[in-house]
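Listing of my_file_10.pdb, PDB, C-alpha atoms
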```pdb
MODEL        1
ATOM      1  CA  MET M 202       2.427 -11.396 -16.224  1.00  0.00           C
ATOM      2  CA  GLY M 203      -0.586  -9.534 -14.864  1.00  0.00           C
ATOM      3  CA  GLN M 204      -2.854 -12.450 -15.703  1.00  0.00           C
ATOM      4  CA  ARG M 205      -0.830 -14.731 -13.429  1.00  0.00           C
ATOM      5  CA  PHE M 206      -1.769 -12.613 -10.415  1.00  0.00           C
ATOM      6  CA  GLN M 207      -5.493 -12.434 -11.180  1.00  0.00           C
ATOM      7  CA  SER M 208      -6.514 -15.404  -9.021  1.00  0.00           C
ATOM      8  CA  LEU M 209      -4.196 -14.629  -6.078  1.00  0.00           C
ATOM      9  CA  GLN M 210      -6.361 -13.773  -3.044  1.00  0.00           C
ATOM     10  CA  SER M 211      -3.887 -13.695  -0.186  1.00  0.00           C
ATOM     11  CA  LEU M 212      -0.184 -12.883  -0.071  1.00  0.00           C
ATOM     12  CA  THR M 213       1.922 -13.648   3.008  1.00  0.00           C
ATOM     13  CA  ILE M 214       5.685 -13.157   3.074  1.00  0.00           C
ATOM     14  CA  THR M 215       7.578 -13.505   6.347  1.00  0.00           C
ATOM     15  CA  ASN M 216      11.193 -13.740   7.480  1.00  0.00           C
ATOM     16  CA  CYS M 217      12.788 -13.275   4.070  1.00  0.00           C
ATOM     17  CA  GLN M 218      16.084 -11.458   4.450  1.00  0.00           C
ATOM     18  CA  LEU M 219      16.710 -10.676   0.771  1.00  0.00           C
ATOM     19  CA  VAL M 220      13.299  -9.461  -0.454  1.00  0.00           C
ATOM     20  CA  GLU M 221      13.543  -5.850  -1.657  1.00  0.00           C
ATOM     21  CA  ASN M 222      10.419  -5.484  -3.838  1.00  0.00           C
ATOM     22  CA  ILE M 223       7.089  -7.324  -3.936  1.00  0.00           C
ATOM     23  CA  PHE M 224       5.262  -6.080  -7.038  1.00  0.00           C
ATOM     24  CA  ASP M 225       7.914  -5.092  -9.568  1.00  0.00           C
ATOM     25  CA  PHE M 226       6.683  -4.914 -13.148  1.00  0.00           C
ATOM     26  CA  GLU M 227       9.415  -2.587 -14.352  1.00  0.00           C
ATOM     27  CA  ASN M 228      10.534  -4.868 -17.192  1.00  0.00           C
ATOM     28  CA  ILE M 229       7.055  -6.090 -18.152  1.00  0.00           C
ATOM     29  CA  PRO M 230       5.725  -4.501 -21.343  1.00  0.00           C
ATOM     30  CA  GLN M 231       2.501  -2.557 -20.862  1.00  0.00           C
ATOM     31  CA  THR M 232      -0.322  -3.764 -23.080  1.00  0.00           C
ATOM     32  CA  GLY M 233      -2.831  -1.073 -22.196  1.00  0.00           C
ATOM     33  CA  VAL M 234      -5.078  -3.687 -20.560  1.00  0.00           C
ATOM     34  CA  ARG M 235      -5.431  -3.396 -16.774  1.00  0.00           C
ATOM     35  CA  ASN M 236      -6.145  -6.740 -15.172  1.00  0.00           C
ATOM     36  CA  GLU M 237      -8.203  -6.665 -11.997  1.00  0.00           C
ATOM     37  CA  THR M 238      -6.697  -8.773  -9.234  1.00  0.00           C
ATOM     38  CA  ASN M 239      -8.586 -10.738  -6.608  1.00  0.00           C
ATOM     39  CA  LEU M 240      -5.918  -9.904  -4.044  1.00  0.00           C
ATOM     40  CA  GLN M 241      -7.733  -9.298  -0.757  1.00  0.00           C
ATOM     41  CA  ASN M 242      -5.134  -9.704   1.985  1.00  0.00           C
ATOM     42  CA  VAL M 243      -1.470  -8.764   2.187  1.00  0.00           C
ATOM     43  CA  PHE M 244       0.621  -9.697   5.223  1.00  0.00           C
ATOM     44  CA  LEU M 245       4.326  -8.859   5.231  1.00  0.00           C
ATOM     45  CA  GLU M 246       6.484  -9.421   8.295  1.00  0.00           C
ATOM     46  CA  ALA M 247      10.181  -9.366   9.154  1.00  0.00           C
ATOM     47  CA  LEU M 248      11.496  -8.240   5.768  1.00  0.00           C
ATOM     48  CA  PRO M 249      14.556  -6.184   6.740  1.00  0.00           C
ATOM     49  CA  ASN M 250      15.522  -5.231   3.170  1.00  0.00           C
ATOM     50  CA  LEU M 251      12.056  -4.474   1.794  1.00  0.00           C
ATOM     51  CA  VAL M 252      12.181  -1.108   0.031  1.00  0.00           C
ATOM     52  CA  HIS M 253       8.986  -1.193  -2.078  1.00  0.00           C
ATOM     53  CA  ILE M 254       5.773  -3.153  -1.949  1.00  0.00           C
ATOM     54  CA  TRP M 255       4.745  -1.607  -5.263  1.00  0.00           C
ATOM     55  CA  LYS M 256       7.864  -0.580  -7.141  1.00  0.00           C
ATOM     56  CA  ASN M 257       7.159   2.343  -9.439  1.00  0.00           C
ATOM     57  CA  ASP M 258       3.688   2.448 -10.957  1.00  0.00           C
ATOM     58  CA  SER M 259       2.203  -0.976 -11.561  1.00  0.00           C
ATOM     59  CA  SER M 260      -1.343   0.380 -11.890  1.00  0.00           C
ATOM     60  CA  GLU M 261      -0.988   0.328 -15.675  1.00  0.00           C
ATOM     61  CA  ILE M 262      -0.815  -3.478 -15.463  1.00  0.00           C
ATOM     62  CA  LEU M 263      -2.863  -4.455 -12.385  1.00  0.00           C
ATOM     63  CA  LYS M 264      -5.744  -3.028 -10.354  1.00  0.00           C
ATOM     64  CA  TYR M 265      -5.754  -3.751  -6.625  1.00  0.00           C
ATOM     65  CA  ASN M 266      -9.315  -2.596  -5.984  1.00  0.00           C
ATOM     66  CA  ASN M 267     -10.296  -5.793  -4.101  1.00  0.00           C
ATOM     67  CA  LEU M 268      -7.683  -5.319  -1.379  1.00  0.00           C
ATOM     68  CA  GLN M 269      -9.382  -5.572   2.032  1.00  0.00           C
ATOM     69  CA  SER M 270      -6.533  -5.757   4.502  1.00  0.00           C
ATOM     70  CA  ILE M 271      -2.877  -4.858   4.507  1.00  0.00           C
ATOM     71  CA  ARG M 272      -0.689  -5.635   7.499  1.00  0.00           C
ATOM     72  CA  ILE M 273       2.990  -4.709   7.476  1.00  0.00           C
ATOM     73  CA  LYS M 274       5.240  -5.548  10.442  1.00  0.00           C
ATOM     74  CA  GLY M 275       8.967  -5.227  10.938  1.00  0.00           C
ATOM     75  CA  CYS M 276      10.033  -3.752   7.597  1.00  0.00           C
ATOM     76  CA  PRO M 277      12.611  -1.163   8.717  1.00  0.00           C
ATOM     77  CA  ASN M 278      13.606   0.103   5.241  1.00  0.00           C
ATOM     78  CA  LEU M 279      10.117   0.650   3.818  1.00  0.00           C
ATOM     79  CA  LYS M 280       9.625   4.401   3.285  1.00  0.00           C
ATOM     80  CA  HIS M 281       6.022   4.364   2.036  1.00  0.00           C
ATOM     81  CA  LEU M 282       3.197   1.879   1.744  1.00  0.00           C
ATOM     82  CA  PHE M 283       1.366   2.727  -1.496  1.00  0.00           C
ATOM     83  CA  PRO M 284       2.142   4.599  -4.681  1.00  0.00           C
ATOM     84  CA  LEU M 285      -0.499   7.238  -5.425  1.00  0.00           C
ATOM     85  CA  SER M 286      -1.977   5.192  -8.268  1.00  0.00           C
ATOM     86  CA  VAL M 287      -2.755   2.251  -5.961  1.00  0.00           C
ATOM     87  CA  ALA M 288      -3.996   4.342  -3.026  1.00  0.00           C
ATOM     88  CA  THR M 289      -6.697   6.050  -5.081  1.00  0.00           C
ATOM     89  CA  ASP M 290      -8.290   2.699  -5.945  1.00  0.00           C
ATOM     90  CA  LEU M 291      -8.733   1.054  -2.520  1.00  0.00           C
ATOM     91  CA  GLU M 292     -12.457   1.422  -1.898  1.00  0.00           C
ATOM     92  CA  LYS M 293     -12.763  -2.060  -0.334  1.00  0.00           C
ATOM     93  CA  LEU M 294      -9.904  -1.615   2.141  1.00  0.00           C
ATOM     94  CA  GLU M 295     -11.059  -2.409   5.700  1.00  0.00           C
ATOM     95  CA  ILE M 296      -7.824  -2.791   7.713  1.00  0.00           C
ATOM     96  CA  LEU M 297      -4.593  -0.829   7.482  1.00  0.00           C
ATOM     97  CA  ASP M 298      -2.014  -1.987  10.027  1.00  0.00           C
ATOM     98  CA  VAL M 299       1.595  -0.761  10.021  1.00  0.00           C
ATOM     99  CA  TYR M 300       3.855  -1.837  12.879  1.00  0.00           C
ATOM    100  CA  ASN M 301       7.566  -1.241  13.414  1.00  0.00           C
ATOM    101  CA  CYS M 302       8.407   0.244  10.020  1.00  0.00           C
ATOM    102  CA  ARG M 303      10.959   2.664  11.361  1.00  0.00           C
ATOM    103  CA  ALA M 304      11.891   4.431   8.107  1.00  0.00           C
ATOM    104  CA  MET M 305       8.341   4.941   6.803  1.00  0.00           C
ATOM    105  CA  LYS M 306       7.840   8.624   6.032  1.00  0.00           C
ATOM    106  CA  GLU M 307       4.351   8.573   4.519  1.00  0.00           C
ATOM    107  CA  ILE M 308       1.596   6.070   3.823  1.00  0.00           C
ATOM    108  CA  VAL M 309       1.110   7.194   0.215  1.00  0.00           C
ATOM    109  CA  ALA M 310       4.242   8.110  -1.728  1.00  0.00           C
ATOM    110  CA  TRP M 311       4.523  11.651  -3.022  1.00  0.00           C
ATOM    111  CA  ASP M 312       3.920  11.795  -6.759  1.00  0.00           C
ATOM    112  CA  ASN M 313       5.722  14.694  -8.440  1.00  0.00           C
ATOM    113  CA  GLY M 314       3.856  13.974 -11.664  1.00  0.00           C
ATOM    114  CA  SER M 315       0.414  14.406 -10.156  1.00  0.00           C
ATOM    115  CA  ASN M 316      -1.312  17.319 -11.828  1.00  0.00           C
ATOM    116  CA  GLU M 317      -4.114  17.463  -9.275  1.00  0.00           C
ATOM    117  CA  ASN M 318      -4.101  20.293  -6.770  1.00  0.00           C
ATOM    118  CA  LEU M 319      -6.242  18.404  -4.276  1.00  0.00           C
ATOM    119  CA  ILE M 320      -6.387  14.610  -4.063  1.00  0.00           C
ATOM    120  CA  THR M 321      -9.229  12.860  -2.270  1.00  0.00           C
ATOM    121  CA  PHE M 322      -8.537   9.428  -0.838  1.00  0.00           C
ATOM    122  CA  LYS M 323     -11.800   7.507  -0.456  1.00  0.00           C
ATOM    123  CA  PHE M 324     -11.903   4.543   1.897  1.00  0.00           C
ATOM    124  CA  PRO M 325     -15.630   3.874   2.439  1.00  0.00           C
ATOM    125  CA  ARG M 326     -15.084   0.515   4.204  1.00  0.00           C
ATOM    126  CA  LEU M 327     -11.933   1.275   6.184  1.00  0.00           C
ATOM    127  CA  ASN M 328     -12.719   0.678   9.849  1.00  0.00           C
ATOM    128  CA  ILE M 329      -9.304   0.025  11.466  1.00  0.00           C
ATOM    129  CA  VAL M 330      -6.155   2.100  11.041  1.00  0.00           C
ATOM    130  CA  SER M 331      -3.245   1.198  13.282  1.00  0.00           C
ATOM    131  CA  LEU M 332       0.126   2.926  12.931  1.00  0.00           C
ATOM    132  CA  LYS M 333       2.688   1.948  15.567  1.00  0.00           C
ATOM    133  CA  LEU M 334       6.451   2.314  16.034  1.00  0.00           C
ATOM    134  CA  SER M 335       6.993   4.137  12.745  1.00  0.00           C
ATOM    135  CA  PHE M 336       9.211   6.877  14.105  1.00  0.00           C
ATOM    136  CA  GLU M 337       9.836   8.696  10.800  1.00  0.00           C
ATOM    137  CA  LEU M 338       6.162   8.879   9.780  1.00  0.00           C
ATOM    138  CA  VAL M 339       5.377  12.481   8.874  1.00  0.00           C
ATOM    139  CA  SER M 340       2.119  12.341   6.944  1.00  0.00           C
ATOM    140  CA  PHE M 341      -0.461  10.235   5.190  1.00  0.00           C
ATOM    141  CA  TYR M 342       0.413  11.992   1.908  1.00  0.00           C
ATOM    142  CA  ARG M 343       2.717  14.967   1.480  1.00  0.00           C
ATOM    143  CA  GLY M 344       0.532  16.743  -1.081  1.00  0.00           C
ATOM    144  CA  THR M 345      -2.716  18.580  -0.476  1.00  0.00           C
ATOM    145  CA  HIS M 346      -5.363  15.948   0.166  1.00  0.00           C
ATOM    146  CA  THR M 347      -8.521  14.983   1.974  1.00  0.00           C
ATOM    147  CA  LEU M 348      -9.376  11.658   3.563  1.00  0.00           C
ATOM    148  CA  GLU M 349     -12.837  10.144   3.436  1.00  0.00           C
ATOM    149  CA  TRP M 350     -13.231   7.184   5.785  1.00  0.00           C
ATOM    150  CA  PRO M 351     -16.826   7.252   7.068  1.00  0.00           C
ATOM    151  CA  SER M 352     -16.679   3.702   8.533  1.00  0.00           C
ATOM    152  CA  LEU M 353     -13.575   4.289  10.656  1.00  0.00           C
ATOM    153  CA  ASN M 354     -14.128   2.755  14.121  1.00  0.00           C
ATOM    154  CA  LYS M 355     -10.571   2.491  15.435  1.00  0.00           C
ATOM    155  CA  LEU M 356      -7.663   4.843  14.848  1.00  0.00           C
ATOM    156  CA  SER M 357      -4.491   4.002  16.735  1.00  0.00           C
ATOM    157  CA  ILE M 358      -1.295   6.022  16.315  1.00  0.00           C
ATOM    158  CA  VAL M 359       1.463   5.091  18.768  1.00  0.00           C
ATOM    159  CA  ASP M 360       5.138   6.164  18.720  1.00  0.00           C
ATOM    160  CA  CYS M 361       5.021   7.757  15.301  1.00  0.00           C
TER     161      CYS M 361
ENDMDL
END
```
Is it possible to give me this structure as structure tokens?
Amino acid sequence: MGQRFQSLQSLTITNCQLVENIFDFENIPQTGVRNETNLQNVFLEALPNLVHIWKNDSSEILKYNNLQSIRIKGCPNLKHLFPLSVATDLEKLEILDVYNCRAMKEIVAWDNGSNENLITFKFPRLNIVSLKLSFELVSFYRGTHTLEWPSLNKLSIVDC
């Protein structure tokens, strides 16, 4: 299954009322081989029932290290953007845009199983972070962490 996603560069899903999960590999057997994806851009808009972009931990199957931009708009039931395993591998991310995700509590989901006391999120290319109309947003990550984003040019946080 992971091999089928290797050539995908851009993913756009809009106005789909029934979509609950995007990447759900729960019933896919893990082979121990992590396939690197070419996924660079994700745009999700008007998905009222979206609960997870990455359901559970799909990092055992796919790496998302080529992701450059993620834009999420109008997903009122999405509580977090990334699982911890995906967020620690986003060194090419340039744009992070979250708009009108009213139930989002944190950008990176809390991982009870993490045995690290301090997690460092490294985003060397991230230059735009825009978080708007996400009224429940409490933190980037609930655990102890540091953020490294030396290229950040624009940080916009409105009505969060």
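The two atoms in question, atom CA of M:Glu221 and atom CA of M:Asn250, are spaced 5.3 Å apart.
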Inset, instruction - Evaluate the PyMOL selection byres ((chain M and resi 290) around 10) on the structure here and hand back the selected residues as an MDAnalysis selection string. - result: chainID M and resid 260 264:268 285:289 291:294 322:324
Legend entry - Residue nearest M:Glu246 - candidates M:Ala304, M:Leu319, M:Cys276, M:Ile223, atoms counted: only C-alpha atoms: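 The shortest atom-to-atom distance to M:Glu246 comes from M:Cys276.
Each of M:Leu348, M:Leu248, M:Leu356, M:Leu219 was compared to M:Cys302 using only C-alpha atoms, and M:Leu248 turns out to be the nearest.
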Legend entry - From M:Trp350, M:Tyr300, M:Trp311, M:Tyr342, residue lying nearest M:Asn328 [only C-alpha atoms]: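 Answer, going by the shortest atom-to-atom distance: M:Trp350.
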Inset, instruction - Check the smallest atom-to-atom distance from each of M:Leu209, M:Val299, M:Ala310, M:Leu263 to M:Gly275 using all atoms listed in the file, then report the winner. - result: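 Of all the options, M:Val299 lies closest to M:Gly275.
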